[in-house]
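These notes are about the structure you will find just below.
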Amino acid sequence: MLTTADLVSLLAAVAKGDQAAFERLYAATRAKLYGVILRILRRPDLADEVMQETYLKIWNAAGQFNPGVASPITWMVAIARNRAIDLARKKADVSAEEIPEVLELAAETSDPLAVRERSEELERLLGCLGRLDPDQRRLLLLAYYNGMSREQLAAKFDRPVNTIKTWLRRSILAVRECLGS
Amino acid sequence: MTIDQDRDVLAAEYVLGTLEPDERQQAEALIRSDVGFAALVRGWEQRLGELNATIPSVEPPPEVFERIRRGLAVAPSSGQIIALDAMRARLRGWRSFGTTMAALAAALAAVLVTSLVRPELMPTRLRPKPQVVEVVRTIEKPTDAAGRLVAVLQKDASSPAFILTVDIEKRTMTVRRVAAEEQAGKSYELWLVSKQFAKPRSLGLVGAQEFTTGATLATYQPDTISDATYAISLEPEGGSPTGEPTGPVLWGGKLIETLPPTQPRR
């Protein structure tokens, strides 16, 4: 298990073109990133594609990583999520119908509270999410975990897209206020 | 509702992924151009990123890394690009032009390269992100390259769509399609965006063939041509009905010289 500091120094080495460091970085982070990507795309073929794009991007952009503003894994997951969401939107018409019920269900039942080791920050975030209206909490989690678009969320909650927009805004501001600055 | 709240919500929705595609593009342009907004996005990535710990890991198939490794072998990244020496390109280093260029890159996400590093040698997905400006200089000075400027028009690092080459002396240009696909009932239109004009000026349509050449720059001053931002929008077939971009501006970029500034111009 690599520490955050290990990942920071691996990224620094990767920025200099160190392929061995890149391999170690991949080994340490691949399962987390794949889990994130697969949950959004739900199709292994697409997830594989995004994995490649993500790690090539990490290879190319490692020099831009700033440990002062982000943790390495957060930075890497953000890259992976952005790529996965971009692809999910492009394939929206396909994947919306192809989501197998089982996966859908599995994604739904994911419970952040089930995680045993929780950082202080995660505790705070979960506390703030817990103060939201249950539907709005679910909305945020489905968006973050599953990369659902407003339309998909609207269908899921059987509400107009505008209502979803309002809910998103309200819950974002509530979380922001709850977490403070 | 305050503007600050709007920006914060936009940043959070960008991170959540719930923005519409056009809003998402705007947010990405803001991230590149607006340090404050970029910081808001980083903040939400960090805040919501706490949830990453709750996402179960899944082991990817082993062949994924094989493909990534093969990608690295041709990746023009970091030290490796020096291997392109053989192709007369030499990397001086990834270098940001600083705030000026960042601001210019902002609206249209430009990555600039010289035409001497032939784009087909650089796999599209391996290109650096738009906020990075590639400075590539030639070792052998081609005899016909003086006064030639090039812009790669792209939306993001993985999609260079057009390469614009301008001969500043003759004021002619060539647009080369790289990855942009023909869309039924639509035309790609090239625009010149300059501080000197209140609105973008049309430079004409980009043809369906690989290369489109034109002399529509002839009426512009060399300074205007070299300082302008070039953009391509998707318009109704036959071009914008209003004379201004009506469709989405999909690609943009700035020109860069194909020779180092210290080289004497012929």
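Within each chain, counting starts at residue 1; across the structure tokens, chains are named A, B, ... in the order shown, with ligands numbered 1 upward in that order.
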
Set the cut-off to 8 Å and count only C-alpha atoms: what are the residues of chain A that reach chain B? Output as a VMD selection string. chain A and resid 15 to 17 30 to 36 48 51 to 53 55 to 57 59 to 61 69 to 71 74 to 75 77 to 78 82 85 89 111 to 112 114 to 115 118 to 119 121 to 122 125 140 143 to 145 147 to 150 168 to 169 172 to 173

Selected residues written out with N, CA and C atoms, as a compact mmCIF listing (two decimals), in the first residue's frame:
```txt
# COMPACT_ATOMS: atom_id res chain seq x y z
N ALA A 15 6.79 12.55 -14.31
CA ALA A 15 6.90 13.83 -15.04
C ALA A 15 8.22 13.94 -15.76
N LYS A 16 9.23 13.20 -15.27
CA LYS A 16 10.53 13.22 -15.93
C LYS A 16 10.68 12.10 -16.94
N GLY A 17 9.58 11.38 -17.16
CA GLY A 17 9.63 10.33 -18.17
C GLY A 17 10.10 8.98 -17.65
N ARG A 30 -4.48 1.45 -10.44
CA ARG A 30 -5.33 0.97 -11.54
C ARG A 30 -6.71 0.50 -11.06
N ALA A 31 -6.75 -0.23 -9.94
CA ALA A 31 -8.02 -0.82 -9.53
C ALA A 31 -9.00 0.26 -9.07
N LYS A 32 -8.47 1.25 -8.39
CA LYS A 32 -9.35 2.35 -7.96
C LYS A 32 -9.90 3.09 -9.18
N LEU A 33 -9.01 3.44 -10.10
CA LEU A 33 -9.47 4.19 -11.26
C LEU A 33 -10.42 3.35 -12.12
N TYR A 34 -10.11 2.07 -12.25
CA TYR A 34 -10.99 1.22 -13.06
C TYR A 34 -12.36 1.10 -12.41
N GLY A 35 -12.37 0.99 -11.10
CA GLY A 35 -13.63 0.94 -10.37
C GLY A 35 -14.47 2.19 -10.62
N VAL A 36 -13.80 3.34 -10.58
CA VAL A 36 -14.48 4.63 -10.81
C VAL A 36 -15.05 4.68 -12.22
N ASP A 48 -12.11 0.19 -20.64
CA ASP A 48 -10.72 -0.07 -21.03
C ASP A 48 -10.17 1.11 -21.83
N MET A 51 -9.48 3.95 -19.55
CA MET A 51 -8.27 3.67 -18.75
C MET A 51 -7.03 4.09 -19.54
N GLN A 52 -7.00 3.69 -20.79
CA GLN A 52 -5.83 4.04 -21.61
C GLN A 52 -5.68 5.55 -21.72
N GLU A 53 -6.77 6.21 -22.06
CA GLU A 53 -6.72 7.67 -22.21
C GLU A 53 -6.28 8.32 -20.91
N TYR A 55 -4.50 7.11 -18.34
CA TYR A 55 -3.10 6.93 -17.94
C TYR A 55 -2.14 7.61 -18.91
N LEU A 56 -2.53 7.69 -20.17
CA LEU A 56 -1.66 8.43 -21.09
C LEU A 56 -1.69 9.92 -20.76
N LYS A 57 -2.87 10.36 -20.36
CA LYS A 57 -2.99 11.75 -19.92
C LYS A 57 -2.15 11.98 -18.65
N TRP A 59 0.46 10.35 -17.78
CA TRP A 59 1.85 10.32 -18.24
C TRP A 59 2.27 11.68 -18.79
N ASN A 60 1.39 12.25 -19.58
CA ASN A 60 1.72 13.53 -20.22
C ASN A 60 1.59 14.73 -19.29
N ALA A 61 0.69 14.63 -18.33
CA ALA A 61 0.38 15.81 -17.52
C ALA A 61 0.97 15.73 -16.11
N VAL A 69 -2.10 21.56 -4.08
CA VAL A 69 -3.53 21.83 -4.22
C VAL A 69 -4.39 20.58 -4.34
N ALA A 70 -3.79 19.44 -4.57
CA ALA A 70 -4.61 18.23 -4.72
C ALA A 70 -3.84 17.03 -4.23
N SER A 71 -4.58 16.02 -3.82
CA SER A 71 -3.90 14.76 -3.49
C SER A 71 -3.76 13.99 -4.80
N THR A 74 -6.80 11.92 -5.87
CA THR A 74 -7.93 12.76 -6.23
C THR A 74 -7.72 13.35 -7.63
N TRP A 75 -6.49 13.77 -7.87
CA TRP A 75 -6.15 14.34 -9.18
C TRP A 75 -6.34 13.29 -10.28
N VAL A 77 -8.18 10.49 -10.15
CA VAL A 77 -9.59 10.11 -10.29
C VAL A 77 -10.34 11.19 -11.05
N ALA A 78 -9.99 12.46 -10.80
CA ALA A 78 -10.69 13.54 -11.51
C ALA A 78 -10.44 13.42 -13.02
N ASN A 82 -13.53 12.68 -15.58
CA ASN A 82 -13.82 13.59 -16.68
C ASN A 82 -13.85 12.87 -18.02
N ILE A 85 -16.95 10.59 -18.13
CA ILE A 85 -18.20 11.33 -18.31
C ILE A 85 -18.30 11.83 -19.75
N ARG A 89 -21.35 10.71 -22.18
CA ARG A 89 -22.26 11.64 -22.85
C ARG A 89 -22.31 11.38 -24.35
N ASP A 111 -23.29 1.92 -0.64
CA ASP A 111 -23.56 2.74 0.53
C ASP A 111 -22.26 3.32 1.07
N PRO A 112 -22.11 4.62 0.97
CA PRO A 112 -20.85 5.22 1.42
C PRO A 112 -20.58 4.92 2.89
N ALA A 114 -20.89 2.23 4.32
CA ALA A 114 -20.39 0.88 4.52
C ALA A 114 -18.86 0.83 4.58
N VAL A 115 -18.25 1.93 4.15
CA VAL A 115 -16.79 1.94 4.15
C VAL A 115 -16.26 2.05 5.58
N ARG A 118 -12.62 5.71 7.26
CA ARG A 118 -13.08 6.98 6.73
C ARG A 118 -12.21 8.11 7.26
N SER A 119 -11.78 8.95 6.36
CA SER A 119 -10.99 10.09 6.78
C SER A 119 -11.91 11.10 7.47
N GLU A 121 -12.23 14.11 6.65
CA GLU A 121 -12.90 14.90 5.63
C GLU A 121 -14.11 14.15 5.07
N LEU A 122 -13.93 12.84 4.87
CA LEU A 122 -15.05 12.04 4.38
C LEU A 122 -16.18 12.04 5.40
N LEU A 125 -17.99 15.24 5.05
CA LEU A 125 -18.81 15.29 3.84
C LEU A 125 -20.06 14.43 4.02
N LEU A 140 -27.11 13.62 -5.70
CA LEU A 140 -25.68 13.95 -5.74
C LEU A 140 -24.83 12.69 -5.88
N ALA A 143 -25.03 11.20 -9.33
CA ALA A 143 -24.26 12.00 -10.28
C ALA A 143 -22.77 11.73 -10.10
N TYR A 144 -22.30 11.73 -8.87
CA TYR A 144 -20.87 11.55 -8.66
C TYR A 144 -20.42 10.12 -8.94
N TYR A 145 -21.12 9.16 -8.39
CA TYR A 145 -20.70 7.77 -8.56
C TYR A 145 -20.95 7.25 -9.98
N GLY A 147 -22.10 9.03 -12.72
CA GLY A 147 -21.95 9.96 -13.84
C GLY A 147 -23.25 10.22 -14.56
N MET A 148 -24.36 10.19 -13.85
CA MET A 148 -25.65 10.40 -14.52
C MET A 148 -25.81 11.85 -14.96
N SER A 149 -26.36 12.00 -16.16
CA SER A 149 -26.64 13.35 -16.67
C SER A 149 -27.95 13.84 -16.04
N ARG A 150 -28.22 15.13 -16.24
CA ARG A 150 -29.48 15.68 -15.71
C ARG A 150 -30.68 14.94 -16.28
N LEU A 168 -30.05 20.16 -7.77
CA LEU A 168 -28.59 20.12 -7.79
C LEU A 168 -28.04 21.39 -7.16
N ARG A 169 -28.57 22.50 -7.61
CA ARG A 169 -28.08 23.78 -7.11
C ARG A 169 -28.26 23.89 -5.59
N ILE A 172 -25.95 21.48 -3.75
CA ILE A 172 -24.55 21.91 -3.83
C ILE A 172 -24.29 23.05 -2.84
N LEU A 173 -25.19 24.03 -2.86
CA LEU A 173 -24.99 25.17 -1.96
C LEU A 173 -25.11 24.76 -0.50
```

Can you list, as an NGL selection string, every protein, DNA or RNA residue that comes within 8 Å of Glu244 of chain B when you count only C-alpha atoms, leaving out same-chain residues fewer than 5 positions away? :B and (199-202)

Just the selected residues (C-alpha atoms), exported as a JSON list (two decimals), in the first residue's frame, please.
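The resulting file, result-v7.json, is reproduced below:
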```
[["chain", "number", "residue", "atom", "x", "y", "z"],
["B", 199, "LYS", "CA", -17.15, 40.51, -34.05],
["B", 200, "PRO", "CA", -15.51, 37.46, -35.57],
["B", 201, "ARG", "CA", -14.83, 37.77, -39.28],
["B", 202, "SER", "CA", -15.61, 34.85, -41.54]]
```

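In this comparison, which uses only C-alpha atoms, the residue of A:Asp86, A:Asp158, A:Asp18, A:Glu123 approaching Leu41 of chain A most closely is A:Asp86.
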
Pro236 of chain B surroundings by only C-alpha atoms, 8 Å radius, close-in-sequence under 6 positions cut, as a list in words: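 Here the answer would be Gly185, Lys186, Ser187 and Gly247 of chain B.
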
So which residues touch Lys170 of chain B within 10 Å, counting only C-alpha atoms, skipping near sequence neighbours fewer than 6 positions away, as a list in words? Gly147, Arg148, Ala215, Leu217, Ala218 and Pro222 of chain B
